[in-house]
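Listing of coords_14.txt, compact mmCIF, N, CA and C atoms
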# COMPACT_ATOMS: atom_id res chain seq x y z
N MET A 738 -16.09 1.54 -29.02
CA MET A 738 -16.09 2.44 -27.90
C MET A 738 -15.41 1.77 -26.71
N ALA A 739 -14.57 2.52 -26.00
CA ALA A 739 -13.86 1.97 -24.85
C ALA A 739 -14.80 1.82 -23.67
N SER A 740 -14.60 0.75 -22.92
CA SER A 740 -15.42 0.54 -21.73
C SER A 740 -14.76 1.20 -20.52
N THR A 741 -15.53 1.39 -19.49
CA THR A 741 -15.02 1.99 -18.26
C THR A 741 -15.14 0.97 -17.14
N LYS A 742 -14.08 0.80 -16.40
CA LYS A 742 -14.05 -0.14 -15.30
C LYS A 742 -13.28 0.50 -14.15
N GLU A 743 -13.86 0.50 -12.98
CA GLU A 743 -13.15 1.02 -11.82
C GLU A 743 -12.54 -0.14 -11.05
N VAL A 744 -11.25 -0.02 -10.76
CA VAL A 744 -10.53 -1.01 -9.99
C VAL A 744 -10.19 -0.38 -8.65
N ARG A 745 -10.62 -1.01 -7.56
CA ARG A 745 -10.34 -0.50 -6.22
C ARG A 745 -9.18 -1.28 -5.61
N ALA A 746 -8.29 -0.55 -4.98
CA ALA A 746 -7.15 -1.17 -4.31
C ALA A 746 -6.86 -0.38 -3.05
N ALA A 747 -6.12 -0.99 -2.14
CA ALA A 747 -5.76 -0.31 -0.89
C ALA A 747 -4.38 -0.78 -0.46
N GLY A 748 -3.69 0.08 0.26
CA GLY A 748 -2.37 -0.28 0.73
C GLY A 748 -1.96 0.56 1.91
N ILE A 749 -0.81 0.24 2.43
CA ILE A 749 -0.27 0.97 3.57
C ILE A 749 1.15 1.40 3.23
N MET A 750 1.43 2.69 3.41
CA MET A 750 2.78 3.19 3.26
C MET A 750 3.47 3.01 4.61
N ILE A 751 4.40 2.09 4.66
CA ILE A 751 5.07 1.75 5.91
C ILE A 751 6.42 2.46 5.99
N PHE A 752 6.65 3.12 7.12
CA PHE A 752 7.94 3.75 7.34
C PHE A 752 8.32 3.67 8.80
N ARG A 753 9.58 3.88 9.04
CA ARG A 753 10.06 3.97 10.43
C ARG A 753 11.07 5.11 10.50
N ILE A 754 11.05 5.77 11.63
CA ILE A 754 11.96 6.89 11.86
C ILE A 754 13.15 6.36 12.63
N LEU A 755 14.33 6.47 12.01
CA LEU A 755 15.55 5.99 12.66
C LEU A 755 16.12 7.04 13.60
N ASN A 756 16.13 8.27 13.15
CA ASN A 756 16.58 9.41 13.96
C ASN A 756 16.01 10.67 13.32
N LYS A 757 16.42 11.83 13.77
CA LYS A 757 15.84 13.08 13.28
C LYS A 757 16.07 13.32 11.79
N LYS A 758 17.05 12.66 11.21
CA LYS A 758 17.38 12.90 9.81
C LYS A 758 17.18 11.69 8.91
N GLN A 759 16.78 10.56 9.46
CA GLN A 759 16.65 9.35 8.64
C GLN A 759 15.29 8.69 8.81
N ILE A 760 14.64 8.47 7.69
CA ILE A 760 13.39 7.74 7.65
C ILE A 760 13.54 6.65 6.59
N GLU A 761 13.13 5.45 6.92
CA GLU A 761 13.16 4.34 5.95
C GLU A 761 11.74 3.98 5.57
N TYR A 762 11.54 3.72 4.27
CA TYR A 762 10.23 3.32 3.75
C TYR A 762 10.32 1.89 3.24
N LEU A 763 9.24 1.15 3.41
CA LEU A 763 9.19 -0.20 2.88
C LEU A 763 8.60 -0.15 1.48
N LEU A 764 9.42 -0.47 0.49
CA LEU A 764 8.98 -0.57 -0.90
C LEU A 764 9.26 -1.98 -1.37
N LEU A 765 8.33 -2.54 -2.11
CA LEU A 765 8.46 -3.90 -2.61
C LEU A 765 8.57 -3.88 -4.13
N GLN A 766 9.41 -4.76 -4.65
CA GLN A 766 9.57 -4.85 -6.09
C GLN A 766 8.36 -5.55 -6.69
N ALA A 767 7.79 -4.93 -7.68
CA ALA A 767 6.62 -5.51 -8.34
C ALA A 767 7.00 -6.76 -9.11
N SER A 768 6.11 -7.74 -9.10
CA SER A 768 6.40 -8.99 -9.80
C SER A 768 6.32 -8.83 -11.32
N TYR A 769 5.65 -7.80 -11.78
CA TYR A 769 5.45 -7.62 -13.22
C TYR A 769 6.44 -6.67 -13.88
N ALA A 770 7.26 -5.98 -13.09
CA ALA A 770 8.21 -5.03 -13.66
C ALA A 770 9.43 -4.90 -12.76
N GLU A 771 10.58 -5.25 -13.29
CA GLU A 771 11.81 -5.26 -12.50
C GLU A 771 12.15 -3.91 -11.89
N ARG A 772 11.83 -2.84 -12.57
CA ARG A 772 12.20 -1.50 -12.09
C ARG A 772 11.06 -0.78 -11.38
N HIS A 773 9.98 -1.48 -11.10
CA HIS A 773 8.82 -0.86 -10.45
C HIS A 773 8.79 -1.27 -8.97
N TRP A 774 8.87 -0.27 -8.09
CA TRP A 774 8.84 -0.50 -6.65
C TRP A 774 7.63 0.23 -6.08
N THR A 775 6.96 -0.37 -5.13
CA THR A 775 5.73 0.21 -4.61
C THR A 775 5.52 -0.19 -3.16
N ALA A 776 4.66 0.55 -2.49
CA ALA A 776 4.25 0.17 -1.14
C ALA A 776 3.34 -1.05 -1.23
N PRO A 777 3.23 -1.83 -0.17
CA PRO A 777 2.32 -2.98 -0.20
C PRO A 777 0.88 -2.52 -0.47
N LYS A 778 0.28 -3.08 -1.49
CA LYS A 778 -1.09 -2.73 -1.85
C LYS A 778 -1.66 -3.82 -2.74
N GLY A 779 -2.96 -3.81 -2.89
CA GLY A 779 -3.58 -4.79 -3.78
C GLY A 779 -5.05 -4.52 -3.95
N HIS A 780 -5.66 -5.32 -4.80
CA HIS A 780 -7.07 -5.15 -5.12
C HIS A 780 -7.98 -5.51 -3.95
N VAL A 781 -9.07 -4.79 -3.86
CA VAL A 781 -10.10 -5.09 -2.88
C VAL A 781 -10.82 -6.35 -3.35
N ASP A 782 -10.83 -7.37 -2.50
CA ASP A 782 -11.47 -8.64 -2.85
C ASP A 782 -12.99 -8.52 -2.76
N PRO A 783 -13.70 -9.35 -3.53
CA PRO A 783 -15.16 -9.35 -3.41
C PRO A 783 -15.58 -9.59 -1.96
N GLY A 784 -16.52 -8.79 -1.49
CA GLY A 784 -16.99 -8.92 -0.12
C GLY A 784 -16.28 -8.00 0.85
N GLU A 785 -15.11 -7.47 0.49
CA GLU A 785 -14.40 -6.53 1.36
C GLU A 785 -14.98 -5.13 1.11
N THR A 786 -15.48 -4.52 2.16
CA THR A 786 -16.07 -3.19 2.03
C THR A 786 -15.22 -2.12 2.71
N ASP A 787 -14.26 -2.53 3.50
CA ASP A 787 -13.41 -1.61 4.24
C ASP A 787 -11.99 -1.68 3.67
N GLU A 788 -11.50 -0.54 3.17
CA GLU A 788 -10.16 -0.52 2.59
C GLU A 788 -9.08 -0.87 3.61
N LEU A 789 -9.31 -0.59 4.88
CA LEU A 789 -8.32 -0.92 5.90
C LEU A 789 -8.14 -2.43 6.01
N VAL A 790 -9.23 -3.18 5.89
CA VAL A 790 -9.15 -4.65 5.91
C VAL A 790 -8.29 -5.12 4.73
N THR A 791 -8.56 -4.57 3.56
CA THR A 791 -7.79 -4.92 2.37
C THR A 791 -6.32 -4.56 2.56
N ALA A 792 -6.06 -3.36 3.05
CA ALA A 792 -4.68 -2.90 3.22
C ALA A 792 -3.90 -3.80 4.17
N LYS A 793 -4.49 -4.15 5.31
CA LYS A 793 -3.81 -5.03 6.26
C LYS A 793 -3.56 -6.40 5.67
N ARG A 794 -4.52 -6.93 4.93
CA ARG A 794 -4.36 -8.25 4.31
C ARG A 794 -3.22 -8.21 3.30
N GLU A 795 -3.19 -7.16 2.48
CA GLU A 795 -2.15 -7.06 1.47
C GLU A 795 -0.76 -6.90 2.08
N VAL A 796 -0.65 -6.12 3.15
CA VAL A 796 0.65 -5.97 3.83
C VAL A 796 1.13 -7.32 4.34
N GLN A 797 0.24 -8.08 4.94
CA GLN A 797 0.63 -9.40 5.47
C GLN A 797 1.02 -10.34 4.34
N GLU A 798 0.24 -10.36 3.27
CA GLU A 798 0.54 -11.25 2.14
C GLU A 798 1.86 -10.89 1.47
N GLU A 799 2.12 -9.60 1.30
CA GLU A 799 3.27 -9.17 0.51
C GLU A 799 4.55 -8.98 1.32
N SER A 800 4.42 -8.66 2.61
CA SER A 800 5.63 -8.37 3.39
C SER A 800 5.83 -9.30 4.57
N GLY A 801 4.77 -9.99 4.99
CA GLY A 801 4.88 -10.85 6.16
C GLY A 801 4.64 -10.13 7.48
N LEU A 802 4.43 -8.80 7.41
CA LEU A 802 4.12 -8.05 8.64
C LEU A 802 2.67 -8.27 9.03
N HIS A 803 2.45 -8.54 10.30
CA HIS A 803 1.10 -8.72 10.83
C HIS A 803 0.64 -7.41 11.47
N PRO A 804 -0.67 -7.18 11.59
CA PRO A 804 -1.16 -5.94 12.19
C PRO A 804 -0.57 -5.63 13.57
N GLN A 805 -0.24 -6.65 14.35
CA GLN A 805 0.35 -6.40 15.66
C GLN A 805 1.80 -5.95 15.57
N ASP A 806 2.39 -5.99 14.38
CA ASP A 806 3.78 -5.57 14.19
C ASP A 806 3.92 -4.07 13.98
N TYR A 807 2.82 -3.35 13.76
CA TYR A 807 2.92 -1.93 13.45
C TYR A 807 1.75 -1.15 14.06
N ASP A 808 1.95 0.15 14.16
CA ASP A 808 0.92 1.07 14.64
C ASP A 808 0.42 1.89 13.46
N ILE A 809 -0.86 2.16 13.45
CA ILE A 809 -1.47 2.91 12.36
C ILE A 809 -1.84 4.30 12.85
N ILE A 810 -1.54 5.32 12.05
CA ILE A 810 -1.92 6.68 12.38
C ILE A 810 -3.40 6.83 12.07
N ASP A 811 -4.19 7.06 13.10
CA ASP A 811 -5.63 7.22 12.92
C ASP A 811 -5.95 8.49 12.14
N GLY A 812 -6.97 8.40 11.31
CA GLY A 812 -7.49 9.58 10.64
C GLY A 812 -6.72 10.03 9.42
N PHE A 813 -5.66 9.31 9.06
CA PHE A 813 -4.92 9.72 7.87
C PHE A 813 -5.28 8.81 6.72
N THR A 814 -5.63 9.42 5.62
CA THR A 814 -5.85 8.65 4.41
C THR A 814 -5.58 9.54 3.21
N SER A 815 -5.16 8.95 2.16
CA SER A 815 -4.92 9.67 0.92
C SER A 815 -5.39 8.77 -0.21
N VAL A 816 -6.10 9.33 -1.13
CA VAL A 816 -6.61 8.56 -2.26
C VAL A 816 -5.85 8.95 -3.50
N LEU A 817 -5.29 7.98 -4.17
CA LEU A 817 -4.56 8.18 -5.40
C LEU A 817 -5.43 7.67 -6.54
N ASN A 818 -5.78 8.55 -7.45
CA ASN A 818 -6.58 8.15 -8.61
C ASN A 818 -5.66 8.05 -9.82
N VAL A 819 -5.63 6.90 -10.43
CA VAL A 819 -4.79 6.65 -11.59
C VAL A 819 -5.68 6.25 -12.75
N ILE A 820 -5.45 6.85 -13.90
CA ILE A 820 -6.22 6.49 -15.08
C ILE A 820 -5.24 5.89 -16.09
N TYR A 821 -5.47 4.64 -16.46
CA TYR A 821 -4.67 3.97 -17.46
C TYR A 821 -5.41 4.04 -18.79
N THR A 822 -4.70 4.33 -19.85
CA THR A 822 -5.33 4.37 -21.16
C THR A 822 -4.68 3.31 -22.03
N SER A 823 -5.48 2.44 -22.54
CA SER A 823 -5.03 1.42 -23.49
C SER A 823 -6.24 1.11 -24.35
N LEU A 824 -6.49 -0.16 -24.62
CA LEU A 824 -7.69 -0.52 -25.36
C LEU A 824 -8.94 -0.21 -24.55
N ASN A 825 -8.81 -0.28 -23.24
CA ASN A 825 -9.93 0.01 -22.34
C ASN A 825 -9.56 1.16 -21.43
N PHE A 826 -10.53 1.96 -21.07
CA PHE A 826 -10.34 3.03 -20.11
C PHE A 826 -10.56 2.44 -18.73
N VAL A 827 -9.55 2.53 -17.88
CA VAL A 827 -9.67 1.98 -16.53
C VAL A 827 -9.38 3.09 -15.53
N HIS A 828 -10.30 3.29 -14.63
CA HIS A 828 -10.10 4.24 -13.54
C HIS A 828 -9.67 3.42 -12.33
N HIS A 829 -8.44 3.61 -11.90
CA HIS A 829 -7.85 2.81 -10.82
C HIS A 829 -7.77 3.70 -9.58
N THR A 830 -8.50 3.36 -8.54
CA THR A 830 -8.49 4.12 -7.30
C THR A 830 -7.72 3.35 -6.24
N VAL A 831 -6.66 3.92 -5.75
CA VAL A 831 -5.87 3.28 -4.69
C VAL A 831 -6.02 4.12 -3.43
N HIS A 832 -6.46 3.49 -2.36
CA HIS A 832 -6.59 4.16 -1.07
C HIS A 832 -5.31 3.90 -0.28
N PHE A 833 -4.45 4.91 -0.24
CA PHE A 833 -3.28 4.83 0.62
C PHE A 833 -3.63 5.62 1.84
N GLY A 834 -3.48 5.07 2.92
CA GLY A 834 -3.77 5.79 4.11
C GLY A 834 -3.23 4.94 5.19
N PHE A 835 -3.71 5.17 6.31
CA PHE A 835 -3.32 4.29 7.38
C PHE A 835 -1.80 4.20 7.43
N LEU A 836 -1.15 5.35 7.34
CA LEU A 836 0.31 5.38 7.37
C LEU A 836 0.84 4.81 8.68
N VAL A 837 1.89 4.06 8.57
CA VAL A 837 2.50 3.42 9.73
C VAL A 837 3.70 4.25 10.17
N ILE A 838 3.73 4.58 11.44
CA ILE A 838 4.85 5.38 11.94
C ILE A 838 5.81 4.55 12.78
N HIS A 839 5.38 3.43 13.27
CA HIS A 839 6.24 2.65 14.15
C HIS A 839 6.11 1.16 13.81
N VAL A 840 7.20 0.59 13.38
CA VAL A 840 7.23 -0.84 13.12
C VAL A 840 7.88 -1.49 14.32
N ARG A 841 7.13 -2.34 15.00
CA ARG A 841 7.64 -2.95 16.25
C ARG A 841 8.77 -3.93 16.01
N ASN A 842 8.61 -4.79 15.02
CA ASN A 842 9.66 -5.76 14.69
C ASN A 842 10.45 -5.21 13.52
N LEU A 843 11.68 -4.85 13.77
CA LEU A 843 12.49 -4.23 12.72
C LEU A 843 12.68 -5.19 11.56
N ILE A 844 12.66 -4.63 10.38
CA ILE A 844 12.79 -5.41 9.16
C ILE A 844 14.25 -5.43 8.74
N SER A 845 14.76 -6.58 8.45
CA SER A 845 16.12 -6.69 7.94
C SER A 845 16.07 -6.85 6.44
N VAL A 846 16.93 -6.15 5.75
CA VAL A 846 16.98 -6.27 4.29
C VAL A 846 18.34 -6.73 3.86

Translate the structure of the given file into structure tokens.
Amino acid sequence: MASTKEVRAAGIMIFRILNKKQIEYLLLQASYAERHWTAPKGHVDPGETDELVTAKREVQEESGLHPQDYDIIDGFTSVLNVIYTSLNFVHHTVHFGFLVIHVRNLISV
């Protein structure tokens, strides 16, 4: 019988508005798959009870952006539920929210 395990993760979808017709999003290449690009996100560490704390930590670890580098839209959150099927049934809950509308220090790519 397959076991059930819930994995909690959180992240921030970072974007900046260049003008009325252009928006840029920050996507990072996943370390495990060359063709997989995603917003900064990661697992909720033991002891972390607030997804916003996790999301800010993951953004800093993965992109180098600090909380003072961006503004967060209050009250916005979206939960993405992903179910992976393999030998084990895993319910993966990712809390994307806290969308960023203004990045103070522009990112060069």

Skip segment 782-795 of chain A itself and residues of its chain fewer than 6 positions away, then list as an mmCIF file with N, CA and C atoms, keeping the file's coordinate frame all residues within 7 Å of it, counting only C-alpha atoms.
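That gives us around.cif:
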data_model
loop_
_atom_site.group_PDB
_atom_site.id
_atom_site.type_symbol
_atom_site.label_atom_id
_atom_site.label_comp_id
_atom_site.auth_asym_id
_atom_site.auth_seq_id
_atom_site.Cartn_x
_atom_site.Cartn_y
_atom_site.Cartn_z
ATOM 1 N N ALA A 747 -6.120 -0.990 -2.140
ATOM 2 C CA ALA A 747 -5.760 -0.310 -0.890
ATOM 3 C C ALA A 747 -4.380 -0.780 -0.460
ATOM 4 N N GLY A 748 -3.690 0.080 0.260
ATOM 5 C CA GLY A 748 -2.370 -0.280 0.730
ATOM 6 C C GLY A 748 -1.960 0.560 1.910
ATOM 7 N N ILE A 749 -0.810 0.240 2.430
ATOM 8 C CA ILE A 749 -0.270 0.970 3.570
ATOM 9 C C ILE A 749 1.150 1.400 3.230
ATOM 10 N N PRO A 804 -0.670 -7.180 11.590
ATOM 11 C CA PRO A 804 -1.160 -5.940 12.190
ATOM 12 C C PRO A 804 -0.570 -5.630 13.570
ATOM 13 N N HIS A 832 -6.460 3.490 -2.360
ATOM 14 C CA HIS A 832 -6.590 4.160 -1.070
ATOM 15 C C HIS A 832 -5.310 3.900 -0.280
#

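Atom to atom, atom CA of Ala746 of chain A and atom CA of Val816 of chain A stand 10.0 Å apart.
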
Do you have the atom C of Tyr807 of chain A-atom CA of Tyr769 of chain A distance handy? 28.3 Å

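Across the structure, atom C of Val744 of chain A and atom CA of His780 of chain A are spaced 6.7 Å apart.
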
Which is closest to Glu798 of chain A among A:Asp811, A:Pro777, A:Ile760, A:Ala767, if we use only C-alpha atoms?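 Counting only C-alpha atoms, the residue closest to Glu798 of chain A is A:Pro777.
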